[in-house]
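Visitor: Take this structure, written in structure tokens, and hold onto it; I'll ask about it next.
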Amino acid sequence: MSTKTTQWDAERCAVTADPLGHQQRRAPRVGQRLFRVWSSVAPGPRAWRGAAWGALMALAAILLTTAYSLFAAAGPVRFVTGTILFLAAFALAGGLATLVWRIFKGVPAFYIWVLACAAAAFALLGLFALPVLTGLLTAGVGAIIVASLLGAGVATLARGDRQETGKVRQAIAVAGLTLGAAGLVWGGLWLLDDGSPAVTPPRVNAQIAPLDMPDPAQPGPYGVRTLTYGSGQDRRRPEYGAGADLVTAPVDGSALVERWTKLRTGYWGFGPEALPLNGRVWVPEGEGPFPLVLIAHGNHAMEDYSDAGYAYLGELLASRGFILVSVDENFLNLSPFAEGLIIRTLKEENDLRGWLLLEHLRVWRDWNATPGNPFYGKVDLDNVALMGHSRGGEAVAVAAAFNRLPCYPDDASVRFDYGFGIRSLVAIAPVDGQYKPAGRETALEDVNYLVLHGAHDMDVVSFSGARQYARVRFTHEGDWFKAALYIYGANHGQFNTAWGRKDLFEPLMRVYNLEQLLPAEQQEQIARVAISAFLEATLRGESGYRPLFQDHRRAQAWLPDTRYISQYEDATTRLVSTYEEDIDLATTTLPGGAQAGENLAVWREQLVAAKWGDMGNHAVTLGWDAESATARYTIRLPERGLSLSRKSVLVFALADANEDPTPETKDVQNRGPRDPIDLTVEVVDSAGEMARLPLSHIASLQPQFEGRIAKAGFMSPLPASEMVFQHFEFPLADFAAANPAFDPADLAEVRFVFDRTSAGVIALDDVGFR
């Protein structure tokens, strides 16, 4: 046997025994070949220098032309100075980038690869945690640095060959290991800690009589039974599969959804053309008929089912004589697996969520009319309410709009024939604007509307439901009303027991401040009180509960001890100034009136800003300062359009703007905690008789609720608070009591006099009478 043959056989055996090693040896060879090819065609040093000078000349021409456009009009001296500074800024930026490149050029490729993977991971996580993006990046980069110090120190000291390592490198390794260990301990404790407790805002309550009504959160007289209905073939949910008490036919929703993936179909066993109608039902034991209430959950991991999380509401409402259905729409929810790490999420699916609610109502209408069905004659379809949480909160508004339409706004070939007796909507921490019918915001008319939102919501961080609240209109007098309750300490998830106190997923929640949240049972209690009272008032006509929404303090005995801001408007309200009609600050919304300001440091009408985006309505912003003469804002009422009497009530909405009226004269950074705001409300009749009452006659104005959702203030780029309006009601009879000569029927002017708090800025909206 020849030597050459023997060598070939040995190499072949080595490859067979160690194929991975063979591949590793081949990789450098491929790289060497590519390097040789590049070396044969790459420009030489002289060519690179020439290319650099050419590129520099082009860049200089661009920058000099730009500098001339920016600075030439300011005169020769400023032109030269500005141009030099302008060019120096870009030269410095280029120098820093070059320095970073030279530093990283010496870093091994393996570490660069790890950093690139980390950057990709943080980018993905950042899509879910934009409100605390700064905190996420700080914690993530900190974790990489600490782990790098630990790894480098251990690897260096574990080599054992101290002479080769050198004393200096050993000392650096020990220092790095020490810093890394300290960072690990401190950082671990910080991450495991839930954050800092909330600082409760000051109480602004005045004495007010409680409601003389039974506690709406207490169980009613009915026994409760539960059941489920569904397709009968659900491969994931036995209660909607073989365990379903009633079987429903699937519906075709393919016209209302995009980007449904095959992976989603593979998980559930159906596509958008065969969507199941699944529901979990709590039923009163009695003859009926009972009002029907449907609740839709929001977006959550679709594999972690959400529909069972409203059992606490189902048990309560059914005991009080309502049929409650928790609708299963988990198949529309987020799935990192089915959506390829959210690369292909469902597009604007909230119209489909709303449409499915109407298809559920169609089933209930059929059951109610079918002899032999267990719900035959038991459902009051003239008194229907839809409730929704998060995306479900927007879906109920969409459903109410679709209910009165002949066809789908985005495709007339999809016909509608619903017309159900939907009287009331409840939105729990809803989103807004994720679906816009025909590209427009969803507007509603003549429907009762309640929205609940937490000041510490870590998912829907702004009071988005205020936008839909502003778009609910009443076209004629009736018993319609809308109300809002903004809750200090409430988050997004604790309205659903399946979601809990973590509004997102780990490890993102390690950056959020969980310590300031209300206990889950208290947040559920708030939902019980508000929702039960609202449904009693709007579906059963129990008008005694309506004052709860006009002033939440009337329910102090039932609500947990936290802070609330409430809003209210009903169909009997005649608004004089809404600030929506034009850009003229001197005119009222109701034609014929006038508005004027005196000694105001701030007077402007503007779109109300939110933590994220805006509130969807305009208001007038008014500011005053103690160093000026007494400031006031006057609304001169139109001579026509109002019919007032001693029984009439002056209504308006106020919000703390959290501004300094003259920031240029003060160090606003060092101001202390802010106190409630008080002012004087004056009314004047045509004869000149004036009556005055302090705002605190009803209540002082609550400072903005600061919901610091991150563990440290710098970790969120968003404001910690936003303007949320508080509803105020001043009976004209109270003014007449203050000045018996004042004639409410002849009211001519309403004034807001800023004489009780030395300085401040407030927003005023929706001034009118009821």
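Letters for chains follow the order of the structure tokens (A, B, ...), residue numbers begin at 1 for each chain, and ligand numbers begin at 1 in the order shown.
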Produce a table with one row for each residue of segment 214-287 of chain A that has an atom at most 9 Å from any atom of segment 515-528 of chain A, each row naming the nearest atom pair and its distance in Å at one decimal; use only C-alpha atoms; arrange rows by chain and rising residue number; format as JSON lines.
Guide:
```
{"residue": "A:Pro216", "atom": "CA", "partner": "A:Arg528", "partner_atom": "CA", "distance": 7.4}
{"residue": "A:Ala217", "atom": "CA", "partner": "A:Arg528", "partner_atom": "CA", "distance": 5.2}
{"residue": "A:Gln218", "atom": "CA", "partner": "A:Arg528", "partner_atom": "CA", "distance": 8.6}
```
Visitor: Output the selection as a PDB file, in the first residue's frame - N, CA, C and O atoms for each residue.
Guide:
```pdb
ATOM      1  N   PRO A 216     -75.117  48.042  45.008  1.00  0.00           N
ATOM      2  CA  PRO A 216     -75.261  47.283  43.763  1.00  0.00           C
ATOM      3  C   PRO A 216     -74.251  46.152  43.618  1.00  0.00           C
ATOM      4  O   PRO A 216     -74.387  45.322  42.716  1.00  0.00           O
ATOM      5  N   ALA A 217     -73.235  46.117  44.476  1.00  0.00           N
ATOM      6  CA  ALA A 217     -72.242  45.053  44.407  1.00  0.00           C
ATOM      7  C   ALA A 217     -72.631  43.840  45.230  1.00  0.00           C
ATOM      8  O   ALA A 217     -71.904  42.838  45.240  1.00  0.00           O
ATOM      9  N   GLN A 218     -73.770  43.907  45.934  1.00  0.00           N
ATOM     10  CA  GLN A 218     -74.228  42.776  46.720  1.00  0.00           C
ATOM     11  C   GLN A 218     -75.048  41.814  45.849  1.00  0.00           C
ATOM     12  O   GLN A 218     -75.784  42.252  44.954  1.00  0.00           O
TER      13      GLN A 218
END
```
Visitor: Would you mind listing what lies within 7 Å of segment 461-469 of chain A as a VMD selection string, with only C-alpha atoms counted and same-chain residues fewer than 5 positions away left out?
Guide: chain A and resid 429 to 432 451 453 610 to 612 615 to 616
Visitor: Could you please take those selected residues and save N, CA, C and O atoms as a PDB file, in the first residue's frame?
Guide:
```pdb
ATOM      1  N   ALA A 429     -61.253  49.963  30.217  1.00  0.00           N
ATOM      2  CA  ALA A 429     -59.901  50.253  29.718  1.00  0.00           C
ATOM      3  C   ALA A 429     -59.794  50.004  28.222  1.00  0.00           C
ATOM      4  O   ALA A 429     -58.933  49.258  27.765  1.00  0.00           O
ATOM      5  N   PRO A 430     -60.656  50.647  27.433  1.00  0.00           N
ATOM      6  CA  PRO A 430     -60.689  50.317  26.001  1.00  0.00           C
ATOM      7  C   PRO A 430     -59.558  50.983  25.219  1.00  0.00           C
ATOM      8  O   PRO A 430     -59.024  52.024  25.613  1.00  0.00           O
ATOM      9  N   VAL A 431     -59.210  50.364  24.099  1.00  0.00           N
ATOM     10  CA  VAL A 431     -58.398  51.041  23.092  1.00  0.00           C
ATOM     11  C   VAL A 431     -59.341  51.866  22.233  1.00  0.00           C
ATOM     12  O   VAL A 431     -60.569  51.750  22.323  1.00  0.00           O
ATOM     13  N   ASP A 432     -58.776  52.691  21.368  1.00  0.00           N
ATOM     14  CA  ASP A 432     -59.613  53.491  20.477  1.00  0.00           C
ATOM     15  C   ASP A 432     -58.862  53.749  19.182  1.00  0.00           C
ATOM     16  O   ASP A 432     -57.669  54.049  19.201  1.00  0.00           O
ATOM     17  N   VAL A 451     -67.493  54.191  30.737  1.00  0.00           N
ATOM     18  CA  VAL A 451     -66.106  53.794  30.525  1.00  0.00           C
ATOM     19  C   VAL A 451     -65.360  53.853  31.850  1.00  0.00           C
ATOM     20  O   VAL A 451     -65.511  54.809  32.622  1.00  0.00           O
ATOM     21  N   HIS A 453     -61.396  53.386  33.552  1.00  0.00           N
ATOM     22  CA  HIS A 453     -59.984  53.335  33.176  1.00  0.00           C
ATOM     23  C   HIS A 453     -59.128  53.588  34.407  1.00  0.00           C
ATOM     24  O   HIS A 453     -59.491  54.385  35.275  1.00  0.00           O
ATOM     25  N   ALA A 610     -53.049  63.861  25.750  1.00  0.00           N
ATOM     26  CA  ALA A 610     -53.033  62.694  26.632  1.00  0.00           C
ATOM     27  C   ALA A 610     -51.590  62.252  26.835  1.00  0.00           C
ATOM     28  O   ALA A 610     -50.662  62.807  26.242  1.00  0.00           O
ATOM     29  N   LYS A 611     -51.380  61.260  27.664  1.00  0.00           N
ATOM     30  CA  LYS A 611     -50.030  60.726  27.815  1.00  0.00           C
ATOM     31  C   LYS A 611     -49.488  60.272  26.462  1.00  0.00           C
ATOM     32  O   LYS A 611     -48.322  60.463  26.135  1.00  0.00           O
ATOM     33  N   TRP A 612     -50.382  59.642  25.692  1.00  0.00           N
ATOM     34  CA  TRP A 612     -50.015  59.147  24.367  1.00  0.00           C
ATOM     35  C   TRP A 612     -51.094  59.635  23.399  1.00  0.00           C
ATOM     36  O   TRP A 612     -52.227  59.188  23.444  1.00  0.00           O
ATOM     37  N   MET A 615     -56.967  63.353  23.653  1.00  0.00           N
ATOM     38  CA  MET A 615     -58.220  62.893  24.229  1.00  0.00           C
ATOM     39  C   MET A 615     -59.397  62.998  23.256  1.00  0.00           C
ATOM     40  O   MET A 615     -60.522  62.644  23.608  1.00  0.00           O
ATOM     41  N   GLY A 616     -59.159  63.537  22.070  1.00  0.00           N
ATOM     42  CA  GLY A 616     -60.215  63.575  21.075  1.00  0.00           C
ATOM     43  C   GLY A 616     -61.221  64.692  21.253  1.00  0.00           C
ATOM     44  O   GLY A 616     -62.259  64.686  20.582  1.00  0.00           O
TER      45      GLY A 616
END
```
Visitor: Excluding Thr475 of chain A and its own-chain neighbours fewer than 4 positions away, which residues fall within 9 Å of it when counting only C-alpha atoms? Please give them as number ranges by chain.
Guide: A: 445-446, 571
Visitor: Give me, please, the distance in Å between atom CA of Pro374 of chain A and atom CA of Leu324 of chain A, quoted to one decimal.
Guide: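 Taking atom CA of Pro374 of chain A as the start and atom CA of Leu324 of chain A as the end point, the length is 15.2 Å.
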Visitor: Just list as a PyMOL selection string whatever in segment 158-277 of chain A DSSP marks as strand (DSSP E).
Guide: chain A and resi 224-230+246-247
Visitor: Please dump the current selection as a short mmCIF file (atom, residue, chain, number, x, y, z; two decimals), in the first residue's frame; keep C-alpha atoms.
Guide:
```cif
data_model
loop_
_atom_site.label_atom_id
_atom_site.label_comp_id
_atom_site.auth_asym_id
_atom_site.auth_seq_id
_atom_site.Cartn_x
_atom_site.Cartn_y
_atom_site.Cartn_z
CA VAL A 224 -77.36 31.24 39.43
CA ARG A 225 -76.62 28.41 37.04
CA THR A 226 -73.88 28.27 34.43
CA LEU A 227 -73.59 26.65 31.05
CA THR A 228 -71.62 26.92 27.84
CA TYR A 229 -72.48 26.92 24.17
CA GLY A 230 -70.20 26.43 21.20
CA LEU A 246 -75.89 24.03 23.36
CA VAL A 247 -74.41 23.74 19.88
#
```
Visitor: Just how far from atom CA of Val511 of chain A is atom CA of Ala119 of chain A, in Å to one decimal?
Guide: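 Between atom CA of Ala119 of chain A and atom CA of Val511 of chain A the gap works out to 17.6 Å.
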Visitor: Quick one: distance from atom CA of Arg365 of chain A to atom CA of Ala443 of chain A in Å, one decimal?
Guide: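 Atom CA of Ala443 of chain A lies at a distance of 25.8 Å from atom CA of Arg365 of chain A.
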Visitor: Within 8 Å of Pro661 of chain A, counting only C-alpha atoms, which residues qualify if same-chain residues fewer than 3 places away don't, as a PyMOL selection string?
Guide: chain A and resi 601-602+623-625+759-761
Visitor: How would the residues just chosen look if you wrote them out with N, CA, C and O atoms as a short mmCIF file (atom, residue, chain, number, x, y, z; two decimals), in the first residue's frame?
Guide:
```cif
data_model
loop_
_atom_site.label_atom_id
_atom_site.label_comp_id
_atom_site.auth_asym_id
_atom_site.auth_seq_id
_atom_site.Cartn_x
_atom_site.Cartn_y
_atom_site.Cartn_z
N ALA A 601 -53.28 84.98 32.44
CA ALA A 601 -51.93 84.72 31.96
C ALA A 601 -51.92 83.72 30.82
O ALA A 601 -51.01 83.70 29.98
N VAL A 602 -52.94 82.85 30.78
CA VAL A 602 -53.08 81.85 29.72
C VAL A 602 -54.54 81.84 29.29
O VAL A 602 -55.44 81.79 30.14
N GLY A 623 -55.21 80.30 32.59
CA GLY A 623 -54.20 80.38 33.63
C GLY A 623 -54.17 81.74 34.27
O GLY A 623 -54.48 82.76 33.63
N TRP A 624 -53.79 81.80 35.53
CA TRP A 624 -53.74 83.06 36.28
C TRP A 624 -52.56 83.02 37.24
O TRP A 624 -52.05 81.96 37.59
N ASP A 625 -52.16 84.20 37.67
CA ASP A 625 -51.02 84.31 38.57
C ASP A 625 -51.32 85.37 39.63
O ASP A 625 -51.98 86.38 39.35
N ALA A 759 -52.21 80.77 42.06
CA ALA A 759 -51.79 80.64 40.67
C ALA A 759 -52.13 79.23 40.19
O ALA A 759 -52.15 78.27 40.97
N GLY A 760 -52.38 79.12 38.92
CA GLY A 760 -52.69 77.81 38.37
C GLY A 760 -53.14 77.89 36.93
O GLY A 760 -53.33 78.97 36.37
N VAL A 761 -53.30 76.72 36.33
CA VAL A 761 -53.82 76.59 34.97
C VAL A 761 -54.82 75.45 34.97
O VAL A 761 -54.53 74.35 35.46
#
```
Visitor: Would you mind writing down, as a list in words, each residue of segment 629-767 of chain A that DSSP on the backbone assigns to alpha helix (DSSP H)?
Guide: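 Of segment 629-767 of chain A, only Leu732, Ala733, Asp734, Phe735, Ala736, Ala737 and Ala738 of chain A fall in alpha helix (DSSP H).
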Visitor: Taking only C-alpha atoms into account, which of A:Ala173, A:Val681, A:Leu644, A:Ala737 comes nearest Ala155 of chain A?
Guide: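 Of all the options, A:Ala173 lies closest to Ala155 of chain A.
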Visitor: In terms of the shortest atom-to-atom distance over only C-alpha atoms, which of A:Glu722, A:Glu580, A:Asp678, A:Asp252 is closest to Arg756 of chain A?
Guide: A:Asp678
Visitor: Which residues, written as a PyMOL selection string, have at least one atom at most 12 Å from Ser532 of chain A, with only C-alpha atoms counted and residues fewer than 3 positions away on the same chain left out?
Guide: chain A and resi 214-220+293+312-322+324+385+387+426+450+524-529+535-540+542+545-546+548+558
Visitor: Neighbours of Asn299 of chain A within 8 Å (only C-alpha atoms; same-chain residues fewer than 3 positions away dropped), as a list in words?
Guide: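 Within the cut-off, the hits are Met302, Asn330, Leu332, Asn333, Leu334, Ser390, Arg391 and Gly392 of chain A.
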Visitor: Got time to write the residues from that selection, C-alpha atoms, as a tab-separated table (two decimals), in the first residue's frame?
Guide:
```
chain	number	residue	atom	x	y	z
A	302	MET	CA	-54.52	33.31	22.57
A	330	ASN	CA	-59.45	33.96	21.99
A	332	LEU	CA	-58.47	36.47	17.43
A	333	ASN	CA	-55.83	37.16	20.05
A	334	LEU	CA	-52.07	37.54	19.89
A	390	SER	CA	-59.34	46.52	26.12
A	391	ARG	CA	-59.83	45.72	22.41
A	392	GLY	CA	-63.21	44.37	23.40
```
Visitor: Could you check the closest approach to Leu508 of chain A for each of A:Tyr408, A:Phe128, A:Tyr111, A:Phe86 and tell me which residue wins, using only C-alpha atoms?
Guide: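 Looking only at the distances to Leu508 of chain A, the closest residue turns out to be A:Phe128.
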